[in-house]
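Here is the structure we will look at.
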Amino acid sequence: MTVTRLCYRSTLDYSKMTLPLDEEINRLLAYARANNARKGITGALLLAGSTFFQLLEGPDVDVRETFARIRDDSRHKNPVVIDERVDTERLMPHQWLFFTDTMDAYDGVLASLFLPIANTPELVGYDDLVSVMMFSATRVARGFETRDVMRA
Ligand SMILES: Cc1cc2nc3c(=O)[nH]c(=O)nc-3n(C[C@H](O)[C@H](O)[C@H](O)COP(=O)(O)O)c2cc1C
């Protein structure tokens, strides 16, 4: 079995949001997660300032169909594919769509990882992106949330 993995970045378009950003993202995630679960697509969405980064992985035809739909979404613009490859295993087998906002990184380790991504999104390559997404998803999965850091 193989999976297709596609990573892209795009620019958030505030003018097309009908709700406050948090609500718009929550609505988007609820829809996307239900849809991705139906299709067997896993992955992550990272918001870094006004740049979205997304990793989508799953059956080739479903990843392509989903990305074609996402690309046309008016809530973001100028999508640029960073990488597309076939792999034998998923990187995010337990996440229909893990989400993280770099602005919420009160945790020093994550903040230092996120800074270059938010500052120079055009320089972010596949390896950088995967490292940051995997690291954030693992920390959250292990219960290391920003709340705990702030309380400490
Ligand atoms: C940054 C971003 C990421 C998205 N990710 C997904 C996703 O992973 N899966 C999905 O089904 N829809 C995702 N969407 C939503 C789709 O673009 C689209 O709005 C949704 O599939 C509704 O399409 P429909 O009206 O044709 O049903 C995303 C939208 C944006 C702006």
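Naming scheme: A, B, ... for chains in displayed order of the structure tokens; residues 1 onward per chain; ligands 1 onward as shown.
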
Site check for ligand 1: residues at most 10 Å away, only C-alpha atoms and all ligand atoms, as a ChimeraX atom specification: /A:8-13,17,24-25,27-39,41-47,51-57,62-63,65-77,79,96-98

**Q.** Per-residue DSSP, region 16-86 of chain A, filtered to strand (DSSP E), as an MDAnalysis selection string
**A.** chainID A and resid 42:48 51:58 76:86

Suppose we keep C-alpha atoms; can you now write the selection as a short mmCIF file (atom, residue, chain, number, x, y, z; two decimals), in the first residue's frame?
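Resulting contents of result_20.cif:
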data_model
loop_
_atom_site.label_atom_id
_atom_site.label_comp_id
_atom_site.auth_asym_id
_atom_site.auth_seq_id
_atom_site.Cartn_x
_atom_site.Cartn_y
_atom_site.Cartn_z
CA THR A 42 -4.79 12.39 7.37
CA GLY A 43 -2.60 15.44 7.83
CA ALA A 44 -2.02 18.79 9.45
CA LEU A 45 -2.79 22.46 9.00
CA LEU A 46 -0.46 25.11 10.36
CA LEU A 47 -1.32 28.79 10.50
CA ALA A 48 1.75 31.01 10.67
CA THR A 51 0.31 31.85 5.85
CA PHE A 52 -1.37 28.45 5.84
CA PHE A 53 0.75 25.31 5.49
CA GLN A 54 -1.03 22.04 4.94
CA LEU A 55 0.04 18.42 4.67
CA LEU A 56 -2.44 15.97 3.17
CA GLU A 57 -1.82 12.24 2.83
CA GLY A 58 -3.94 9.33 1.70
CA HIS A 76 -7.01 31.71 0.95
CA LYS A 77 -5.04 32.62 -2.18
CA ASN A 78 -1.83 31.96 -4.12
CA PRO A 79 -1.44 28.27 -3.24
CA VAL A 80 2.08 26.97 -3.90
CA VAL A 81 2.80 23.23 -3.82
CA ILE A 82 5.93 22.68 -1.72
CA ASP A 83 6.23 18.94 -2.29
CA GLU A 84 4.36 15.94 -3.58
CA ARG A 85 5.57 12.37 -3.07
CA VAL A 86 4.56 8.76 -2.63
#

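Atom pair CA of Ala118 (chain A) / CA of Leu91 (chain A): separated by 22.4 Å.
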
DSSP on the backbone, alpha helix (DSSP H) only: what residues of chain A does that give? Format it as number ranges by chain.
A: 21-39, 60-71, 108-119, 126-141, 146-151

Please, could you write that set of residues out with C-alpha atoms as a PDB file, in the first residue's frame?
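What landed in again37.pdb:
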ATOM      1  CA  LEU A  21     -10.852  34.112  12.400  1.00  0.00           C
ATOM      2  CA  ASP A  22     -11.124  31.631  15.308  1.00  0.00           C
ATOM      3  CA  GLU A  23     -14.705  30.748  14.443  1.00  0.00           C
ATOM      4  CA  GLU A  24     -13.926  30.524  10.746  1.00  0.00           C
ATOM      5  CA  ILE A  25     -11.054  28.121  11.479  1.00  0.00           C
ATOM      6  CA  ASN A  26     -13.165  26.022  13.849  1.00  0.00           C
ATOM      7  CA  ARG A  27     -15.892  25.682  11.243  1.00  0.00           C
ATOM      8  CA  LEU A  28     -13.350  24.844   8.553  1.00  0.00           C
ATOM      9  CA  LEU A  29     -11.703  22.187  10.776  1.00  0.00           C
ATOM     10  CA  ALA A  30     -15.001  20.526  11.673  1.00  0.00           C
ATOM     11  CA  TYR A  31     -15.936  20.233   8.007  1.00  0.00           C
ATOM     12  CA  ALA A  32     -12.468  19.203   6.852  1.00  0.00           C
ATOM     13  CA  ARG A  33     -12.007  16.553   9.564  1.00  0.00           C
ATOM     14  CA  ALA A  34     -15.347  14.895   8.829  1.00  0.00           C
ATOM     15  CA  ASN A  35     -14.602  14.917   5.121  1.00  0.00           C
ATOM     16  CA  ASN A  36     -11.031  13.689   5.525  1.00  0.00           C
ATOM     17  CA  ALA A  37     -12.163  10.861   7.818  1.00  0.00           C
ATOM     18  CA  ARG A  38     -14.623   9.727   5.148  1.00  0.00           C
ATOM     19  CA  LYS A  39     -11.885   9.740   2.513  1.00  0.00           C
ATOM     20  CA  ASP A  60      -3.768   9.320  -4.499  1.00  0.00           C
ATOM     21  CA  VAL A  61      -7.157  10.067  -6.078  1.00  0.00           C
ATOM     22  CA  ASP A  62      -8.615  11.417  -2.812  1.00  0.00           C
ATOM     23  CA  VAL A  63      -5.635  13.637  -2.041  1.00  0.00           C
ATOM     24  CA  ARG A  64      -5.853  15.138  -5.542  1.00  0.00           C
ATOM     25  CA  GLU A  65      -9.614  15.644  -5.387  1.00  0.00           C
ATOM     26  CA  THR A  66      -9.396  17.229  -1.923  1.00  0.00           C
ATOM     27  CA  PHE A  67      -6.537  19.525  -2.885  1.00  0.00           C
ATOM     28  CA  ALA A  68      -8.390  20.611  -6.042  1.00  0.00           C
ATOM     29  CA  ARG A  69     -11.334  21.637  -3.828  1.00  0.00           C
ATOM     30  CA  ILE A  70      -9.136  23.361  -1.236  1.00  0.00           C
ATOM     31  CA  ARG A  71      -7.197  25.263  -3.935  1.00  0.00           C
ATOM     32  CA  GLY A 108       9.665  28.218  24.162  1.00  0.00           C
ATOM     33  CA  VAL A 109      10.788  25.221  22.125  1.00  0.00           C
ATOM     34  CA  LEU A 110       7.858  25.474  19.762  1.00  0.00           C
ATOM     35  CA  ALA A 111       8.115  29.256  19.530  1.00  0.00           C
ATOM     36  CA  SER A 112      11.735  29.022  18.376  1.00  0.00           C
ATOM     37  CA  LEU A 113      10.772  26.377  15.812  1.00  0.00           C
ATOM     38  CA  PHE A 114       7.845  28.445  14.567  1.00  0.00           C
ATOM     39  CA  LEU A 115       9.633  31.777  14.248  1.00  0.00           C
ATOM     40  CA  PRO A 116      11.501  31.140  10.967  1.00  0.00           C
ATOM     41  CA  ILE A 117       8.375  29.564   9.487  1.00  0.00           C
ATOM     42  CA  ALA A 118       6.231  32.602  10.248  1.00  0.00           C
ATOM     43  CA  ASN A 119       8.912  35.105   9.213  1.00  0.00           C
ATOM     44  CA  TYR A 126       9.368  19.834   2.961  1.00  0.00           C
ATOM     45  CA  ASP A 127      11.770  18.729   5.719  1.00  0.00           C
ATOM     46  CA  ASP A 128      11.283  21.899   7.788  1.00  0.00           C
ATOM     47  CA  LEU A 129       7.537  21.652   7.505  1.00  0.00           C
ATOM     48  CA  VAL A 130       7.304  17.980   8.365  1.00  0.00           C
ATOM     49  CA  SER A 131       9.623  18.423  11.373  1.00  0.00           C
ATOM     50  CA  VAL A 132       7.550  21.253  12.797  1.00  0.00           C
ATOM     51  CA  MET A 133       4.207  19.533  12.189  1.00  0.00           C
ATOM     52  CA  MET A 134       5.334  16.199  13.633  1.00  0.00           C
ATOM     53  CA  PHE A 135       6.938  17.848  16.644  1.00  0.00           C
ATOM     54  CA  SER A 136       3.849  19.944  17.458  1.00  0.00           C
ATOM     55  CA  ALA A 137       1.452  17.037  16.946  1.00  0.00           C
ATOM     56  CA  THR A 138       3.527  14.778  19.178  1.00  0.00           C
ATOM     57  CA  ARG A 139       3.718  17.316  21.976  1.00  0.00           C
ATOM     58  CA  VAL A 140      -0.014  17.878  21.932  1.00  0.00           C
ATOM     59  CA  ALA A 141      -0.679  14.135  21.786  1.00  0.00           C
ATOM     60  CA  THR A 146       0.412  25.638  26.105  1.00  0.00           C
ATOM     61  CA  ARG A 147      -1.893  25.882  29.147  1.00  0.00           C
ATOM     62  CA  ASP A 148       0.488  23.683  31.168  1.00  0.00           C
ATOM     63  CA  VAL A 149       3.435  25.876  30.276  1.00  0.00           C
ATOM     64  CA  MET A 150       1.610  29.020  31.270  1.00  0.00           C
ATOM     65  CA  ARG A 151       0.618  27.537  34.617  1.00  0.00           C
TER      66      ARG A 151
END

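Nearest to Asp101 (chain A) of all the residues A:Gly49, A:Tyr14, A:Gly40, A:Leu19 is A:Gly49, based on only C-alpha atoms.
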
**Prompt:** For the atom pair CA of Cys7 (chain A) and CA of Val124 (chain A), what is the interatomic distance in Å to one decimal place?
**Reply:**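 Separation of CA of Cys7 (chain A) and CA of Val124 (chain A): 10.8 Å.
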